[in-house]
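File shown here: entry-v5.cif, holding mmCIF, C-alpha atoms.
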```
data_target
loop_
_atom_site.label_atom_id
_atom_site.label_comp_id
_atom_site.auth_asym_id
_atom_site.auth_seq_id
_atom_site.Cartn_x
_atom_site.Cartn_y
_atom_site.Cartn_z
CA MET E 146 -8.41 213.85 107.90
CA ASP E 147 -10.17 211.41 110.20
CA THR E 148 -13.37 213.42 109.85
CA ILE E 149 -13.35 213.07 106.08
CA LYS E 150 -12.72 209.32 106.37
CA LYS E 151 -15.74 209.02 108.68
CA GLU E 152 -17.93 211.07 106.34
CA ILE E 153 -16.88 209.65 102.97
CA LYS E 154 -19.40 206.80 103.13
CA TYR E 155 -22.25 209.31 103.38
CA TYR E 156 -20.94 211.25 100.37
CA ILE E 157 -20.63 208.04 98.36
CA ILE E 158 -24.26 207.20 99.14
CA VAL E 159 -25.30 210.74 98.14
CA VAL E 160 -23.45 210.38 94.82
CA ILE E 161 -25.20 207.07 94.18
CA VAL E 162 -28.57 208.68 94.90
CA PHE E 163 -27.81 211.71 92.69
CA TYR E 164 -26.36 209.81 89.72
CA LEU E 165 -27.24 206.12 89.66
CA LEU E 166 -30.81 206.29 90.90
CA PRO E 167 -31.99 208.79 88.24
CA LEU E 168 -30.33 206.79 85.49
CA LEU E 169 -32.31 203.76 86.60
CA LEU E 170 -35.62 205.56 87.14
CA ILE E 171 -35.82 208.23 84.47
CA LYS E 172 -37.52 206.73 81.46
CA ASP E 173 -39.95 209.60 80.88
CA ALA E 174 -40.99 212.92 82.41
CA GLY E 175 -43.02 211.13 85.09
CA GLY E 176 -40.00 209.17 86.24
CA ALA E 177 -37.92 212.33 86.34
CA MET E 178 -40.50 214.17 88.42
CA PHE E 179 -40.91 211.22 90.79
CA SER E 180 -37.18 210.94 91.37
CA MET E 181 -36.51 214.69 91.72
CA LEU E 182 -39.56 215.64 93.76
CA ILE E 183 -40.19 212.59 95.94
CA LEU E 184 -37.53 209.91 96.00
CA ILE E 185 -34.30 211.93 96.10
CA PRO E 186 -35.56 214.44 98.72
CA LEU E 187 -36.82 211.60 100.90
CA LEU E 188 -33.53 209.73 100.64
CA MET E 189 -31.55 212.95 101.31
CA LEU E 190 -33.60 213.53 104.45
CA VAL E 191 -33.02 209.98 105.72
CA ILE E 192 -29.29 209.99 104.89
CA SER E 193 -28.87 213.42 106.50
CA CYS E 194 -30.71 212.36 109.65
CA ILE E 195 -28.47 209.33 109.98
CA TYR E 196 -25.42 211.52 109.37
CA GLY E 197 -26.56 213.95 112.07
CA MET E 198 -27.19 211.15 114.55
CA LYS E 199 -23.75 209.65 113.97
CA ASN E 200 -21.62 212.78 113.43
CA GLY E 201 -23.51 215.72 114.88
CA PHE E 202 -24.22 218.93 113.00
CA HIS E 203 -21.81 220.16 110.32
CA ILE E 204 -22.81 222.87 107.85
CA ARG E 205 -20.16 221.60 105.47
CA TYR E 206 -22.19 218.41 105.00
CA ALA E 207 -25.10 220.36 103.49
CA ILE E 208 -22.73 222.41 101.34
CA ILE E 209 -20.97 219.32 100.02
CA VAL E 210 -24.31 217.64 99.27
CA ALA E 211 -25.37 220.68 97.27
CA LEU E 212 -22.04 220.77 95.43
CA LEU E 213 -22.25 217.06 94.62
CA PHE E 214 -25.55 217.66 92.82
CA ILE E 215 -24.18 220.33 90.45
CA PRO E 216 -22.47 218.00 87.94
CA SER E 217 -25.66 215.93 87.64
CA ILE E 218 -27.38 219.02 86.23
CA TYR E 219 -25.23 218.72 83.14
CA VAL E 220 -24.93 214.93 83.06
CA ILE E 221 -28.55 213.91 83.68
CA TYR E 222 -30.86 216.93 83.77
CA ASN E 223 -30.63 220.40 82.23
CA GLU E 224 -30.07 223.96 83.41
CA SER E 225 -33.59 224.19 84.81
CA ALA E 226 -32.48 221.82 87.60
CA TRP E 227 -30.19 224.42 89.23
CA ILE E 228 -32.86 225.19 91.84
CA TYR E 229 -32.57 221.63 93.14
CA THR E 230 -29.02 222.41 94.26
CA ALA E 231 -30.43 224.75 96.90
CA ILE E 232 -33.38 222.48 97.65
CA TYR E 233 -31.25 219.37 98.24
CA GLY E 234 -28.74 221.40 100.26
CA ALA E 235 -31.57 222.73 102.44
CA ILE E 236 -33.01 219.24 102.88
CA ALA E 237 -29.55 217.98 103.90
CA LEU E 238 -29.27 220.83 106.40
CA ILE E 239 -32.71 220.14 107.87
CA GLY E 240 -32.04 216.40 108.04
CA ASN E 241 -28.71 217.05 109.70
CA LEU E 242 -30.43 219.18 112.34
CA ILE E 243 -33.12 216.53 112.91
CA GLY E 244 -30.40 213.92 113.30
CA LEU E 245 -28.62 216.14 115.80
CA ALA E 246 -31.84 216.52 117.81
CA LEU E 247 -32.38 212.76 117.73
CA ARG E 248 -28.79 212.26 118.82
CA LYS E 249 -29.27 214.52 121.82
CA THR E 250 -32.46 212.80 122.92
CA LYS E 251 -30.85 209.39 122.42
CA ASN E 252 -27.83 210.39 124.55
CA THR E 253 -29.94 211.76 127.41
CA ASP E 254 -31.89 208.52 127.90
#
```
If you convert what's in this file into structure tokens, what do you get?
Amino acid sequence: MDTIKKEIKYYIIVVIVFYLLPLLLIKDAGGAMFSMLILIPLLMLVISCIYGMKNGFHIRYAIIVALLFIPSIYVIYNESAWIYTAIYGAIALIGNLIGLALRKTKNTD
């Protein structure tokens, strides 16, 4: 239970990035492409690195990030956005691993 309490702030930030940010940015196809291909992946990488530095590596983090994106497919995008579930999950996994590596180097200094 304590683990979930520590992690909830990261999931709240992910939800904000997945739901609020696109609603603010998507005015046309260009805004949609910018948010889905550049901004959201970049933010997922940064958030996941910070998560990994603070909490270590947890595969469930990447799975939960991917699952949190699924409802946005129906709310904001369309069925063609299903591939981004795997992409954002993979980015979260990679960021989590980078954060873990940064955590290890930070602790050895």
*Best match for closeness to Gly201 in chain E among E:Ile157, E:Leu242, E:Ile183, E:Glu152, counting only C-alpha atoms*: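 Residue with the minimum atom-to-atom distance to Gly201 in chain E: E:Leu242.
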Taking every listed atom of range 238-247 of chain E and adding 4 Å to each side, what centre and edge lengths in Å (one decimal) does the axis-aligned box have, as lines of an AutoDock Vina configuration file?
```
center_x = -30.9
center_y = 216.8
center_z = 112.1
size_x = 12.5
size_y = 16.1
size_z = 19.4
```
*Care to translate the PyMOL selection byres ((chain E and resi 161) around 12) into actual residues of this file, as an MDAnalysis selection string?*
chainID E and resid 154:160 162:169 185 188:189 192 210 213:214 217
*Taking all atoms listed in the file into account, which of E:Leu170, E:Ile218, E:Ala246, E:Ile239 comes nearest Met198 in chain E?*
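Closest to Met198 in chain E of all the choices is E:Ala246.
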*asked:* Between E:Val220, E:Cys194, E:Ala211, E:Ala174, which residue has the minimum interatomic distance to Leu245 in chain E, considering all atoms listed in the file?
replied: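 The shortest atom-to-atom distance to Leu245 in chain E comes from E:Cys194.
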*Translate the PyMOL selection byres ((chain E and resi 234) around 7), as applied to the file shown, into an explicit residue set as a list in words.*
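Written out, the selection comes to Ala207, Ile208, Val210, Ala211, Thr230, Ala231, Ile232, Tyr233, Ala235, Ile236, Ala237 and Leu238 of chain E.
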Residue subset to file, keeping C-alpha atoms, as a PDB file, keeping the file's coordinate frame:
```pdb
ATOM      1  CA  ALA E 207     -25.100 220.360 103.490  1.00  0.00           C
ATOM      2  CA  ILE E 208     -22.730 222.410 101.340  1.00  0.00           C
ATOM      3  CA  VAL E 210     -24.310 217.640  99.270  1.00  0.00           C
ATOM      4  CA  ALA E 211     -25.370 220.680  97.270  1.00  0.00           C
ATOM      5  CA  THR E 230     -29.020 222.410  94.260  1.00  0.00           C
ATOM      6  CA  ALA E 231     -30.430 224.750  96.900  1.00  0.00           C
ATOM      7  CA  ILE E 232     -33.380 222.480  97.650  1.00  0.00           C
ATOM      8  CA  TYR E 233     -31.250 219.370  98.240  1.00  0.00           C
ATOM      9  CA  ALA E 235     -31.570 222.730 102.440  1.00  0.00           C
ATOM     10  CA  ILE E 236     -33.010 219.240 102.880  1.00  0.00           C
ATOM     11  CA  ALA E 237     -29.550 217.980 103.900  1.00  0.00           C
ATOM     12  CA  LEU E 238     -29.270 220.830 106.400  1.00  0.00           C
TER      13      LEU E 238
END
```
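What separates CA of Phe179 in chain E from CA of Tyr196 in chain E is a distance of 24.2 Å.
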*What gap, in Å, lies between CA of Asn241 in chain E and CA of Phe202 in chain E?*
5.9 Å
*One-decimal distance in Å that lies between CA of Ile209 in chain E and CA of Lys249 in chain E*: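 Between these atoms lies a distance of 23.8 Å.
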Keeping N, CA, C and O atoms, write range 188-202 of chain E of the structure just shown out as a compact mmCIF listing (two decimals), in the first residue's frame.
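Generated output (out21.txt):
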```txt
# COMPACT_ATOMS: atom_id res chain seq x y z
N LEU E 188 7.80 13.92 -22.60
CA LEU E 188 7.37 14.03 -21.20
C LEU E 188 7.34 12.66 -20.52
O LEU E 188 7.72 12.53 -19.35
N MET E 189 6.90 11.61 -21.24
CA MET E 189 6.90 10.26 -20.66
C MET E 189 8.32 9.81 -20.31
O MET E 189 8.54 9.20 -19.27
N LEU E 190 9.26 10.14 -21.18
CA LEU E 190 10.66 9.77 -20.92
C LEU E 190 11.18 10.48 -19.68
O LEU E 190 11.80 9.86 -18.81
N VAL E 191 10.91 11.77 -19.56
CA VAL E 191 11.38 12.54 -18.40
C VAL E 191 10.72 12.05 -17.12
O VAL E 191 11.40 11.81 -16.10
N ILE E 192 9.40 11.88 -17.14
CA ILE E 192 8.68 11.41 -15.95
C ILE E 192 9.18 10.03 -15.55
O ILE E 192 9.39 9.75 -14.36
N SER E 193 9.39 9.15 -16.52
CA SER E 193 9.84 7.79 -16.22
C SER E 193 11.26 7.77 -15.69
O SER E 193 11.58 6.95 -14.82
N CYS E 194 12.12 8.64 -16.19
CA CYS E 194 13.47 8.73 -15.65
C CYS E 194 13.44 9.18 -14.19
O CYS E 194 14.15 8.61 -13.35
N ILE E 195 12.64 10.17 -13.91
CA ILE E 195 12.52 10.65 -12.53
C ILE E 195 11.95 9.55 -11.64
O ILE E 195 12.44 9.31 -10.53
N TYR E 196 10.95 8.85 -12.14
CA TYR E 196 10.38 7.72 -11.39
C TYR E 196 11.46 6.69 -11.09
O TYR E 196 11.58 6.21 -9.96
N GLY E 197 12.24 6.32 -12.11
CA GLY E 197 13.29 5.33 -11.92
C GLY E 197 14.36 5.78 -10.95
O GLY E 197 14.88 4.97 -10.17
N MET E 198 14.69 7.05 -10.97
CA MET E 198 15.69 7.58 -10.03
C MET E 198 15.18 7.55 -8.60
O MET E 198 15.94 7.29 -7.67
N LYS E 199 13.91 7.81 -8.42
CA LYS E 199 13.34 7.87 -7.07
C LYS E 199 12.92 6.50 -6.53
O LYS E 199 13.06 6.23 -5.34
N ASN E 200 12.38 5.64 -7.42
CA ASN E 200 11.76 4.39 -6.97
C ASN E 200 12.43 3.12 -7.47
O ASN E 200 12.00 2.03 -7.14
N GLY E 201 13.43 3.24 -8.33
CA GLY E 201 14.03 2.05 -8.90
C GLY E 201 13.21 1.53 -10.07
O GLY E 201 12.29 2.19 -10.54
N PHE E 202 13.54 0.34 -10.52
CA PHE E 202 12.86 -0.24 -11.68
C PHE E 202 11.67 -1.08 -11.24
O PHE E 202 11.80 -1.94 -10.37
```
